[in-house]
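Asks: Take a look at target-v3.cif, mmCIF, C-alpha atoms:
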data_work
loop_
_atom_site.label_atom_id
_atom_site.label_comp_id
_atom_site.auth_asym_id
_atom_site.auth_seq_id
_atom_site.Cartn_x
_atom_site.Cartn_y
_atom_site.Cartn_z
CA MET F 1 16.51 -32.13 4.71
CA SER F 2 13.75 -33.90 2.78
CA ASP F 3 13.06 -33.71 -0.93
CA ALA F 4 9.59 -32.27 -0.32
CA LYS F 5 8.57 -29.19 -2.30
CA LEU F 6 6.20 -26.43 -1.32
CA GLY F 7 3.36 -25.59 -3.69
CA VAL F 8 3.25 -21.81 -4.12
CA GLY F 9 0.68 -19.53 -5.73
CA VAL F 10 1.46 -15.85 -6.36
CA ILE F 11 -1.32 -13.26 -6.59
CA GLY F 12 -0.15 -10.18 -8.50
CA THR F 13 2.50 -10.27 -11.23
CA PHE F 14 3.33 -6.59 -11.72
CA ALA F 15 6.67 -4.81 -11.18
CA TRP F 16 7.65 -5.86 -7.64
CA ALA F 17 6.55 -9.44 -8.20
CA ASP F 18 8.55 -9.53 -11.41
CA LYS F 19 11.82 -8.27 -9.93
CA ALA F 20 11.64 -9.64 -6.38
CA HIS F 21 9.02 -12.27 -5.50
CA LEU F 22 8.94 -14.47 -8.59
CA PRO F 23 12.73 -14.67 -9.10
CA GLY F 24 12.94 -15.91 -5.50
CA TYR F 25 10.56 -18.79 -6.17
CA LYS F 26 12.16 -19.69 -9.48
CA ALA F 27 15.59 -19.89 -7.83
CA HIS F 28 14.51 -22.09 -4.91
CA GLU F 29 14.90 -25.79 -5.62
CA ARG F 30 12.29 -26.66 -2.98
CA VAL F 31 9.49 -24.58 -4.54
CA ASP F 32 6.85 -25.84 -6.94
CA LEU F 33 5.49 -22.65 -8.48
CA VAL F 34 1.99 -23.97 -9.03
CA ALA F 35 0.23 -20.85 -10.24
CA VAL F 36 0.22 -17.11 -10.76
CA CYS F 37 -2.79 -14.83 -10.77
CA ASP F 38 -3.43 -11.35 -12.11
CA VAL F 39 -6.52 -9.44 -13.21
CA ASN F 40 -4.57 -8.82 -16.41
CA GLU F 41 -4.50 -12.27 -18.00
CA GLU F 42 -1.87 -11.34 -20.57
CA ARG F 43 0.49 -10.16 -17.83
CA ALA F 44 -0.19 -13.31 -15.80
CA ARG F 45 0.56 -15.58 -18.76
CA ALA F 46 3.79 -13.71 -19.48
CA ALA F 47 4.87 -14.16 -15.85
CA ALA F 48 3.97 -17.86 -15.91
CA GLU F 49 6.11 -18.38 -18.98
CA LYS F 50 9.01 -16.36 -17.61
CA PHE F 51 9.13 -17.98 -14.18
CA GLY F 52 7.77 -21.47 -14.87
CA ALA F 53 4.34 -21.40 -13.21
CA ARG F 54 2.16 -24.32 -14.29
CA LYS F 55 -1.22 -22.59 -14.02
CA VAL F 56 -2.64 -19.14 -14.69
CA TYR F 57 -5.61 -17.57 -12.90
CA THR F 58 -7.40 -14.25 -13.14
CA SER F 59 -9.41 -14.99 -9.98
CA ALA F 60 -7.61 -14.85 -6.63
CA ALA F 61 -10.33 -17.00 -5.08
CA GLU F 62 -9.66 -19.76 -7.61
CA LEU F 63 -5.92 -19.70 -6.94
CA ILE F 64 -6.48 -19.85 -3.18
CA ALA F 65 -8.87 -22.79 -3.63
CA ASP F 66 -6.38 -24.76 -5.75
CA PRO F 67 -5.52 -27.88 -3.68
CA GLU F 68 -1.94 -27.88 -5.01
CA VAL F 69 -1.29 -24.40 -3.58
CA GLN F 70 0.01 -24.72 -0.03
CA MET F 71 1.33 -21.16 0.36
CA VAL F 72 -0.14 -17.96 -1.07
CA ASP F 73 1.97 -14.91 -1.87
CA VAL F 74 0.01 -11.64 -1.89
CA CYS F 75 1.80 -9.07 -4.05
CA THR F 76 -1.08 -6.73 -4.89
CA PRO F 77 -2.18 -3.15 -4.11
CA THR F 78 -2.14 -2.19 -0.43
CA HIS F 79 -5.90 -2.19 0.17
CA THR F 80 -6.13 -5.84 -0.95
CA HIS F 81 -3.41 -7.25 1.32
CA LEU F 82 -5.59 -7.96 4.33
CA PRO F 83 -8.70 -9.44 2.64
CA LEU F 84 -6.64 -11.73 0.41
CA SER F 85 -4.48 -12.82 3.35
CA LEU F 86 -7.57 -13.58 5.43
CA ASP F 87 -9.03 -15.61 2.57
CA ALA F 88 -5.82 -17.64 2.39
CA ILE F 89 -5.78 -18.19 6.15
CA ALA F 90 -9.42 -19.30 6.09
CA ALA F 91 -8.51 -21.81 3.37
CA GLY F 92 -5.73 -23.24 5.56
CA LYS F 93 -2.89 -21.85 3.44
CA HIS F 94 0.36 -20.36 4.63
CA VAL F 95 0.61 -16.77 3.44
CA LEU F 96 3.26 -14.17 2.63
CA SER F 97 1.93 -10.63 2.21
CA GLU F 98 3.59 -7.49 1.01
CA LYS F 99 3.61 -4.75 3.60
CA PRO F 100 1.63 -3.15 5.04
CA LEU F 101 -0.81 -5.87 5.95
CA HIS F 102 -3.19 -3.06 6.89
CA THR F 103 -2.88 0.67 7.51
CA GLU F 104 -4.22 0.17 11.04
CA ALA F 105 -2.65 -2.06 13.69
CA ALA F 106 -5.80 -3.71 15.10
CA PRO F 107 -6.85 -5.58 11.93
CA ALA F 108 -3.26 -6.75 11.46
CA PHE F 109 -3.12 -8.11 15.01
CA ASP F 110 -6.45 -9.86 14.37
CA ALA F 111 -5.05 -11.51 11.22
CA ALA F 112 -2.05 -12.77 13.20
CA VAL F 113 -4.39 -14.31 15.79
CA ARG F 114 -6.47 -15.95 13.05
CA ALA F 115 -3.37 -17.45 11.43
CA ASP F 116 -2.21 -18.93 14.73
CA ALA F 117 -5.67 -20.38 15.36
CA ALA F 118 -5.70 -21.93 11.87
CA GLY F 119 -2.23 -23.41 12.35
CA VAL F 120 -0.76 -21.65 9.31
CA ARG F 121 2.43 -19.65 9.04
CA THR F 122 2.70 -16.04 7.96
CA LYS F 123 5.43 -13.73 6.78
CA LEU F 124 5.38 -10.03 5.98
CA GLY F 125 7.52 -8.67 3.16
CA PHE F 126 10.02 -6.68 5.21
CA THR F 127 12.71 -7.04 2.57
CA PHE F 128 15.66 -5.69 4.52
CA ARG F 129 15.55 -8.25 7.34
CA TYR F 130 17.06 -10.56 4.76
CA SER F 131 20.20 -8.53 4.14
CA PRO F 132 23.23 -10.58 5.25
CA ALA F 133 24.71 -7.49 6.92
CA ILE F 134 21.52 -6.76 8.89
CA ARG F 135 21.25 -10.40 9.93
CA TRP F 136 24.86 -10.34 11.15
CA ILE F 137 24.10 -7.32 13.34
CA GLN F 138 20.96 -8.91 14.78
CA GLU F 139 22.91 -12.04 15.69
CA ALA F 140 25.78 -9.99 17.14
CA VAL F 141 23.34 -8.14 19.41
CA ALA F 142 21.49 -11.32 20.41
CA SER F 143 24.73 -13.17 21.24
CA GLY F 144 26.10 -10.30 23.33
CA GLU F 145 29.03 -9.71 20.99
CA LEU F 146 28.33 -5.96 20.98
CA GLY F 147 27.60 -5.88 24.71
CA GLU F 148 24.86 -3.80 26.28
CA ILE F 149 23.20 -1.77 23.53
CA TYR F 150 23.15 1.99 24.06
CA HIS F 151 22.17 3.52 20.70
CA ILE F 152 20.38 2.30 17.56
CA HIS F 153 20.09 4.65 14.58
CA GLY F 154 18.00 3.80 11.54
CA PHE F 155 17.84 5.64 8.21
CA GLU F 156 15.97 4.99 4.99
CA GLN F 157 16.53 7.84 2.60
CA ASN F 158 17.09 8.28 -1.10
CA GLN F 159 16.09 10.72 -3.80
CA GLN F 160 13.27 8.63 -5.25
CA TRP F 161 10.83 11.55 -5.22
CA LEU F 162 13.22 14.50 -5.16
CA ASP F 163 12.05 15.24 -8.71
CA PRO F 164 8.42 16.44 -8.40
CA ASP F 165 7.72 15.12 -11.91
CA PHE F 166 8.59 11.56 -10.96
CA PRO F 167 5.09 10.14 -10.31
CA LEU F 168 4.14 9.50 -6.72
CA ARG F 169 2.67 6.00 -6.59
CA GLN F 170 -0.63 6.92 -5.03
CA VAL F 171 -2.43 9.01 -2.46
CA ALA F 172 -4.98 7.33 -0.21
CA PRO F 173 -8.56 7.85 -1.44
CA GLY F 174 -10.28 10.57 0.54
CA ALA F 175 -7.06 12.03 1.94
CA LYS F 176 -7.25 15.78 2.58
CA ARG F 177 -4.50 17.04 0.30
CA ASP F 178 -4.21 20.44 1.93
CA GLN F 179 -3.20 18.78 5.21
CA LEU F 180 -0.04 16.82 5.96
CA ILE F 181 -0.50 13.19 4.87
CA PRO F 182 1.72 10.57 6.53
CA SER F 183 3.78 8.99 3.76
CA SER F 184 7.51 8.45 4.23
CA ILE F 185 6.93 7.30 7.82
CA VAL F 186 4.50 4.68 6.46
CA GLY F 187 6.25 3.54 3.28
CA TYR F 188 9.84 3.80 4.45
CA GLY F 189 9.45 4.04 8.21
CA SER F 190 7.75 0.67 8.58
CA HIS F 191 10.89 -1.05 7.26
CA LEU F 192 13.17 0.85 9.63
CA ILE F 193 10.91 0.27 12.60
CA ASP F 194 10.90 -3.46 11.92
CA LEU F 195 14.70 -3.55 11.74
CA MET F 196 15.16 -1.39 14.84
CA ARG F 197 12.66 -3.46 16.82
CA TRP F 198 14.11 -6.79 15.61
CA VAL F 199 17.61 -5.74 16.65
CA GLY F 200 16.88 -3.70 19.77
CA GLY F 201 13.68 -5.07 21.23
CA GLU F 202 10.37 -3.43 22.02
CA PHE F 203 9.87 0.32 21.76
CA GLY F 204 8.70 2.16 24.85
CA SER F 205 7.84 5.66 23.67
CA VAL F 206 8.50 7.88 20.65
CA VAL F 207 8.47 11.50 19.54
CA SER F 208 8.65 12.76 15.97
CA SER F 209 8.48 15.54 13.40
CA MET F 210 7.01 15.05 9.92
CA LYS F 211 7.43 17.62 7.17
CA ASN F 212 6.41 18.35 3.58
CA PHE F 213 9.19 19.89 1.47
CA ILE F 214 7.78 19.63 -2.07
CA PRO F 215 4.11 20.68 -2.09
CA GLU F 216 3.35 20.05 -5.77
CA ARG F 217 3.94 16.68 -7.43
CA VAL F 218 2.84 14.46 -10.28
CA ILE F 219 0.66 11.63 -8.99
CA ARG F 220 0.41 8.41 -10.94
CA GLY F 221 -2.84 8.30 -12.91
CA GLU F 222 -3.49 12.06 -12.67
CA GLU F 223 -2.72 14.82 -15.16
CA GLY F 224 -0.05 17.39 -14.35
CA ARG F 225 1.29 18.43 -10.99
CA GLN F 226 -1.07 18.30 -8.05
CA ARG F 227 -0.84 20.13 -4.75
CA VAL F 228 -0.52 17.37 -2.16
CA LEU F 229 1.13 17.79 1.21
CA ILE F 230 2.65 14.37 1.77
CA ASP F 231 5.18 13.69 4.50
CA ASP F 232 8.43 13.85 2.49
CA GLY F 233 10.56 13.27 5.55
CA THR F 234 10.24 12.21 9.19
CA VAL F 235 12.71 12.29 12.05
CA GLY F 236 12.01 10.58 15.35
CA LEU F 237 13.46 9.61 18.70
CA VAL F 238 12.89 6.30 20.45
CA GLU F 239 13.12 5.24 24.07
CA TYR F 240 13.42 1.45 24.11
CA GLN F 241 11.97 -0.61 26.92
CA SER F 242 15.53 -1.82 27.55
CA GLY F 243 16.69 1.74 28.20
CA ALA F 244 18.53 2.11 24.90
CA GLN F 245 18.08 5.23 22.79
CA GLY F 246 17.13 5.26 19.13
CA THR F 247 16.89 7.72 16.28
CA LEU F 248 15.00 7.28 13.02
CA GLN F 249 14.99 9.25 9.78
CA THR F 250 13.02 8.61 6.61
CA SER F 251 13.16 10.74 3.48
CA TYR F 252 11.89 10.67 -0.08
CA ILE F 253 14.15 13.59 -1.03
CA ALA F 254 17.60 12.94 0.47
CA VAL F 255 20.20 12.84 -2.28
CA GLY F 256 21.58 9.31 -2.54
CA ASN F 257 21.06 5.91 -4.07
CA TYR F 258 18.41 3.25 -3.62
CA PRO F 259 17.38 1.68 -1.31
CA GLY F 260 19.16 4.02 1.09
CA VAL F 261 18.91 1.91 4.25
CA GLU F 262 21.45 2.28 7.02
CA LEU F 263 21.44 0.75 10.51
CA ARG F 264 23.96 1.77 13.18
CA VAL F 265 24.23 -0.04 16.51
CA TYR F 266 26.50 1.03 19.37
CA GLY F 267 27.10 -1.13 22.46
CA SER F 268 29.42 -1.44 25.44
CA LYS F 269 31.72 -3.88 23.61
CA GLY F 270 31.52 -2.69 20.03
CA ALA F 271 29.58 -1.13 17.20
CA ALA F 272 28.38 -2.07 13.73
CA ILE F 273 27.08 -0.19 10.70
CA ALA F 274 25.18 -1.83 7.84
CA ARG F 275 24.75 0.28 4.69
CA LEU F 276 22.24 -1.16 2.23
CA ILE F 277 22.96 1.27 -0.58
CA SER F 278 23.67 0.30 -4.20
CA GLU F 279 27.05 1.87 -4.91
CA TYR F 280 29.84 0.84 -7.28
CA ASP F 281 28.20 -2.52 -8.12
CA VAL F 282 27.90 -3.53 -4.46
CA GLN F 283 24.52 -3.70 -2.73
CA GLU F 284 25.65 -3.46 0.90
CA THR F 285 28.62 -3.01 3.22
CA LEU F 286 29.17 -3.97 6.86
CA MET F 287 31.56 -2.04 9.13
CA VAL F 288 32.49 -3.08 12.67
CA ALA F 289 34.54 -1.70 15.54
CA THR F 290 35.36 -2.70 19.11
CA LYS F 291 36.15 -0.58 22.14
CA GLU F 292 39.77 -1.75 21.87
CA ASN F 293 40.01 -1.27 18.09
CA PHE F 294 37.65 1.63 17.57
CA GLU F 295 38.49 2.43 13.97
CA PHE F 296 35.71 0.96 11.84
CA ARG F 297 36.84 -1.75 9.42
CA ARG F 298 34.95 -3.52 6.68
CA LEU F 299 33.77 -7.04 7.48
CA ASP F 300 33.28 -9.27 4.44
CA LEU F 301 30.76 -12.00 5.18
CA PRO F 302 31.17 -15.53 3.79
CA GLU F 303 29.38 -16.56 0.60
CA SER F 304 27.20 -18.89 2.65
CA THR F 305 25.26 -15.85 3.92
CA LEU F 306 24.08 -15.14 0.38
CA PRO F 307 21.37 -17.09 -1.45
CA PRO F 308 22.86 -19.67 -3.86
CA GLY F 309 23.66 -18.17 -7.24
CA THR F 310 23.93 -14.56 -6.01
CA THR F 311 26.71 -12.14 -5.19
CA LEU F 312 26.76 -8.68 -3.64
CA ALA F 313 26.42 -7.38 -7.20
CA THR F 314 23.00 -9.04 -7.60
CA PRO F 315 20.31 -6.31 -7.66
CA TRP F 316 19.07 -5.83 -4.12
CA PRO F 317 15.36 -6.66 -4.71
CA GLU F 318 16.29 -10.11 -5.98
CA LEU F 319 19.17 -10.59 -3.54
CA TYR F 320 17.14 -9.93 -0.41
CA TYR F 321 13.91 -11.49 -1.61
CA ARG F 322 15.68 -14.73 -2.51
CA ASN F 323 16.75 -14.85 1.13
CA LEU F 324 13.24 -14.02 2.35
CA VAL F 325 11.69 -16.75 0.19
CA ARG F 326 14.33 -19.27 1.24
CA HIS F 327 13.74 -18.59 4.92
CA PHE F 328 9.96 -18.85 4.66
CA VAL F 329 9.96 -22.01 2.56
CA ASP F 330 12.43 -23.66 4.91
CA GLU F 331 10.44 -22.53 7.95
CA ILE F 332 7.38 -24.31 6.55
CA LEU F 333 9.03 -27.47 5.22
CA GLU F 334 11.39 -27.96 8.17
CA ASP F 335 9.10 -26.69 10.93
CA ARG F 336 11.57 -23.99 11.95
CA PRO F 337 10.63 -21.15 14.34
CA GLN F 338 8.62 -18.40 12.67
CA GLU F 339 10.22 -15.03 11.92
CA CYS F 340 8.88 -11.74 10.56
CA THR F 341 5.24 -12.74 10.93
CA PHE F 342 1.96 -10.85 10.65
CA HIS F 343 2.37 -10.07 14.36
CA ASP F 344 5.63 -8.27 13.56
CA GLY F 345 3.84 -6.36 10.82
CA ALA F 346 1.14 -5.34 13.29
CA LYS F 347 3.75 -4.17 15.81
CA SER F 348 5.43 -2.08 13.11
CA GLN F 349 2.11 -0.46 12.21
CA GLU F 350 1.41 0.20 15.89
CA ILE F 351 4.72 2.06 16.16
CA VAL F 352 4.09 3.97 12.91
CA ASP F 353 0.78 5.07 14.44
CA ALA F 354 2.62 6.24 17.57
CA PHE F 355 5.07 8.33 15.51
CA ILE F 356 2.18 9.96 13.63
CA LYS F 357 0.30 10.68 16.86
CA ALA F 358 3.46 12.14 18.43
CA HIS F 359 3.85 14.55 15.51
CA TYR F 360 0.27 15.78 15.52
CA GLU F 361 0.08 16.08 19.32
CA ARG F 362 3.64 17.48 19.65
CA ARG F 363 4.56 15.16 22.54
CA TRP F 364 6.10 11.83 23.52
CA VAL F 365 3.72 8.93 22.93
CA GLU F 366 3.88 5.51 24.54
CA VAL F 367 3.64 2.74 21.97
CA GLY F 368 0.27 1.01 22.01
CA THR F 369 -1.66 3.92 23.58
#
Translate this file's structure into structure tokens.
Replies:
Amino acid sequence: MSDAKLGVGVIGTFAWADKAHLPGYKAHERVDLVAVCDVNEERARAAAEKFGARKVYTSAAELIADPEVQMVDVCTPTHTHLPLSLDAIAAGKHVLSEKPLHTEAAPAFDAAVRADAAGVRTKLGFTFRYSPAIRWIQEAVASGELGEIYHIHGFEQNQQWLDPDFPLRQVAPGAKRDQLIPSSIVGYGSHLIDLMRWVGGEFGSVVSSMKNFIPERVIRGEEGRQRVLIDDGTVGLVEYQSGAQGTLQTSYIAVGNYPGVELRVYGSKGAAIARLISEYDVQETLMVATKENFEFRRLDLPESTLPPGTTLATPWPELYYRNLVRHFVDEILEDRPQECTFHDGAKSQEIVDAFIKAHYERRWVEVGT
């Protein structure tokens, strides 16, 4: 391992950057946090002071053009992810973008192609790939430890918006509020789909049901409750190309704690369950069983699976994002194989689109059609 450092510039310094992205860069000894950027200069300067950035910008274009910035982190509102990422790619910079890269699959696939052509690396902010428990399951499947995989069940559900007066982040401009608007399948489902695809391989076809349970909500930036028929919960079935079966459930209104992610994998040799749920000062648990010893038992992973300086009591946004940052920085500096790229983000969006189409057309839909 060399002593080289990676020059990083972060665009966007609001809540998620403050509790996930920026702590990851500050904690990594191989990162030079060159600059932060925000349209709110006061907020940007506060972030620079807190996390040790050397420069402050209010113009994303100026940050991207900075010759010391080798990798750009896009942590901004959804509609800006793709254009800022494309600007970074065009400037020859590696880029990490929050998800979704785009709300349609085709532009995301195009961005992945452009990055490959430019010779730069990409990563999408699928936080939960960087859970030690999830990574153990992925490796156990890939190595054959669990045998032939029969079932994969994914859940992301918590009570974040069970209270109608807790402000919904946003509703897409122009959305017809008297019709069902895909929401949990997009915001939560994309994470689950990425995990289920990473562990189980490519999806073949899907069927789904989306439903609104709470028709009136407070929406951030608007006065009082508004009638808006968002998808509060989605359930779906998956037929994998391998022949395995999958189930998926997302919910904004299921009683339980954040982040509410659970992945269950059942194979011919064994099974594993990862619960990424903050309970009793622990962020996640991993349970395993074999066909000979079929009572599930807790498996405690070694400290080496955690980012340096963290424990399972570290708040999950920082815990998992430290791992994400560490993997991406090391991929770039050590020329390791890419993982969780813009192509993976595009595949996730393609599958989200298939679930939505399956609901509206009340039928099984092949992924990519």
Asks: Evaluating the PyMOL selection byres ((chain F and resi 133) around 8) on the displayed file yields which residues, as a list of chain:residue names?
Replies: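 In the shown coordinates, the PyMOL selection byres ((chain F and resi 133) around 8) covers F:Ser131, F:Pro132, F:Ile134, F:Arg135, F:Trp136, F:Ile137, F:Ala274, F:Glu284, F:Thr285, F:Leu286, F:Leu301.
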Asks: One decimal, Å: what's the distance from CA of Ser184 in chain F over to CA of Val218 in chain F, could you say?
Replies: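 Separation between CA of Ser184 in chain F and CA of Val218 in chain F: 16.4 Å.
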Asks: Just to confirm, what's the straight-line distance from CA of Gly224 in chain F to CA of Leu180 in chain F in Å (one decimal)?
Replies: 20.3 Å
Asks: For Val8 in chain F, which of F:Glu156, F:Glu68, F:Glu239, F:Asp38 is the closest residue, counting all atoms listed in the file?
Replies: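 Looking at the shortest contact to Val8 in chain F, the residue is F:Glu68.
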Asks: So, counting only C-alpha atoms, which residue among F:Phe342, F:Trp198, F:Phe155, F:Trp16 is closest to Pro100 in chain F?
Replies: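 Under the stated criterion, the closest residue is F:Phe342.
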Asks: Here is a test: counting only C-alpha atoms, which residue of F:Trp161, F:Phe109, F:Phe128, F:Tyr360 is nearest to Trp316 in chain F?
Replies: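 Using only C-alpha atoms, Trp316 in chain F sits closest to F:Phe128.
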Asks: Counting all atoms listed in the file, I want the residues whose atoms come within 9 Å of (36.4, -1.6, 24.5) in the file frame, returned as a PyMOL selection string.
Replies: chain F and resi 268-270+290-294
Asks: Got a sec: who's within 8 Å of Val72 in chain F, counting only C-alpha atoms, leaving out chain neighbours fewer than 2 positions off, as a ChimeraX atom specification?
Replies: /F:8-11,64,69-70,74,88,93-96
Asks: When the PyMOL selection byres ((chain F and resi 84) around 10) is applied to the file above, which residues end up in the set, as a PDB file with C-alpha atoms, in the frame of the given file?
Replies:
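Written out: selection-v5.pdb:
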ATOM      1  CA  ILE F  11      -1.320 -13.260  -6.590  1.00  0.00           C
ATOM      2  CA  ALA F  60      -7.610 -14.850  -6.630  1.00  0.00           C
ATOM      3  CA  ALA F  61     -10.330 -17.000  -5.080  1.00  0.00           C
ATOM      4  CA  ILE F  64      -6.480 -19.850  -3.180  1.00  0.00           C
ATOM      5  CA  VAL F  72      -0.140 -17.960  -1.070  1.00  0.00           C
ATOM      6  CA  ASP F  73       1.970 -14.910  -1.870  1.00  0.00           C
ATOM      7  CA  VAL F  74       0.010 -11.640  -1.890  1.00  0.00           C
ATOM      8  CA  CYS F  75       1.800  -9.070  -4.050  1.00  0.00           C
ATOM      9  CA  THR F  76      -1.080  -6.730  -4.890  1.00  0.00           C
ATOM     10  CA  HIS F  79      -5.900  -2.190   0.170  1.00  0.00           C
ATOM     11  CA  THR F  80      -6.130  -5.840  -0.950  1.00  0.00           C
ATOM     12  CA  HIS F  81      -3.410  -7.250   1.320  1.00  0.00           C
ATOM     13  CA  LEU F  82      -5.590  -7.960   4.330  1.00  0.00           C
ATOM     14  CA  PRO F  83      -8.700  -9.440   2.640  1.00  0.00           C
ATOM     15  CA  SER F  85      -4.480 -12.820   3.350  1.00  0.00           C
ATOM     16  CA  LEU F  86      -7.570 -13.580   5.430  1.00  0.00           C
ATOM     17  CA  ASP F  87      -9.030 -15.610   2.570  1.00  0.00           C
ATOM     18  CA  ALA F  88      -5.820 -17.640   2.390  1.00  0.00           C
ATOM     19  CA  ILE F  89      -5.780 -18.190   6.150  1.00  0.00           C
ATOM     20  CA  ALA F  90      -9.420 -19.300   6.090  1.00  0.00           C
ATOM     21  CA  VAL F  95       0.610 -16.770   3.440  1.00  0.00           C
ATOM     22  CA  SER F  97       1.930 -10.630   2.210  1.00  0.00           C
ATOM     23  CA  LEU F 101      -0.810  -5.870   5.950  1.00  0.00           C
TER      24      LEU F 101
END
Asks: When the PyMOL selection byres ((chain F and resi 364) around 7) is applied to the file above, which residues end up in the set, as a list of chain:residue names?
Replies: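 On the file shown, the PyMOL selection byres ((chain F and resi 364) around 7) covers F:Ser205, F:Val206, F:Val207, F:Ala358, F:Arg363, F:Val365, F:Glu366.
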Asks: For each of F:Gly204, F:Gln157, F:Glu350, F:Thr13, take the minimum atom-to-atom distance to Gly256 in chain F, counting all atoms listed in the file, then give the residue where this is smallest.
Replies: F:Gln157
Asks: Neighbours of Pro164 in chain F within 8 Å (all atoms listed in the file; same-chain residues fewer than 6 positions away dropped), as a list of chain:residue names?
Replies: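 Once the adjacent positions are removed, what remains is F:Ile214, F:Glu216, F:Arg217, F:Val218, F:Arg225.
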Asks: Out of F:Ala106, F:Leu324, F:Val171, F:Leu146, which residue has the shortest atom-to-atom distance to Ala271 in chain F when counting all atoms listed in the file?
Replies: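 The answer is F:Leu146, which sits nearest to Ala271 in chain F.
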Asks: Of the candidates F:Thr250, F:Leu312, F:Asp353, F:His102, which one gets nearest to Tyr280 in chain F if we count all atoms listed in the file?
Replies: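 Under the stated criterion, the closest residue is F:Leu312.
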Asks: Just how far from CA of Leu6 in chain F is CA of Ala65 in chain F, in Å to one decimal?
Replies: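 So the two atoms, CA of Ala65 in chain F and CA of Leu6 in chain F, lie 15.7 Å apart.
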Asks: Using all atoms listed in the file, which residues sit within 12 Å of range 220-223 of chain F once same-chain residues fewer than 5 positions away are excluded, as a VMD selection string?
Replies: chain F and resid 164 to 171
Asks: Might you pull out every residue within 10 Å of Pro308 in chain F, with only C-alpha atoms counted and same-chain residues fewer than 4 positions away left off, and present them as a list in words?
Replies: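 With the cut-off at 10 Å, the set is Ala27, His28, Glu303, Ser304, Leu319, Arg322, Asn323 and Arg326 of chain F.
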Asks: Would you kindly return, as a PyMOL selection string, each protein, DNA or RNA residue with an atom no farther than 6 Å from any atom of Cys37 in chain F, considering only C-alpha atoms and excluding same-chain residues fewer than 6 positions away?
Replies: chain F and resi 11-12+44+56-58
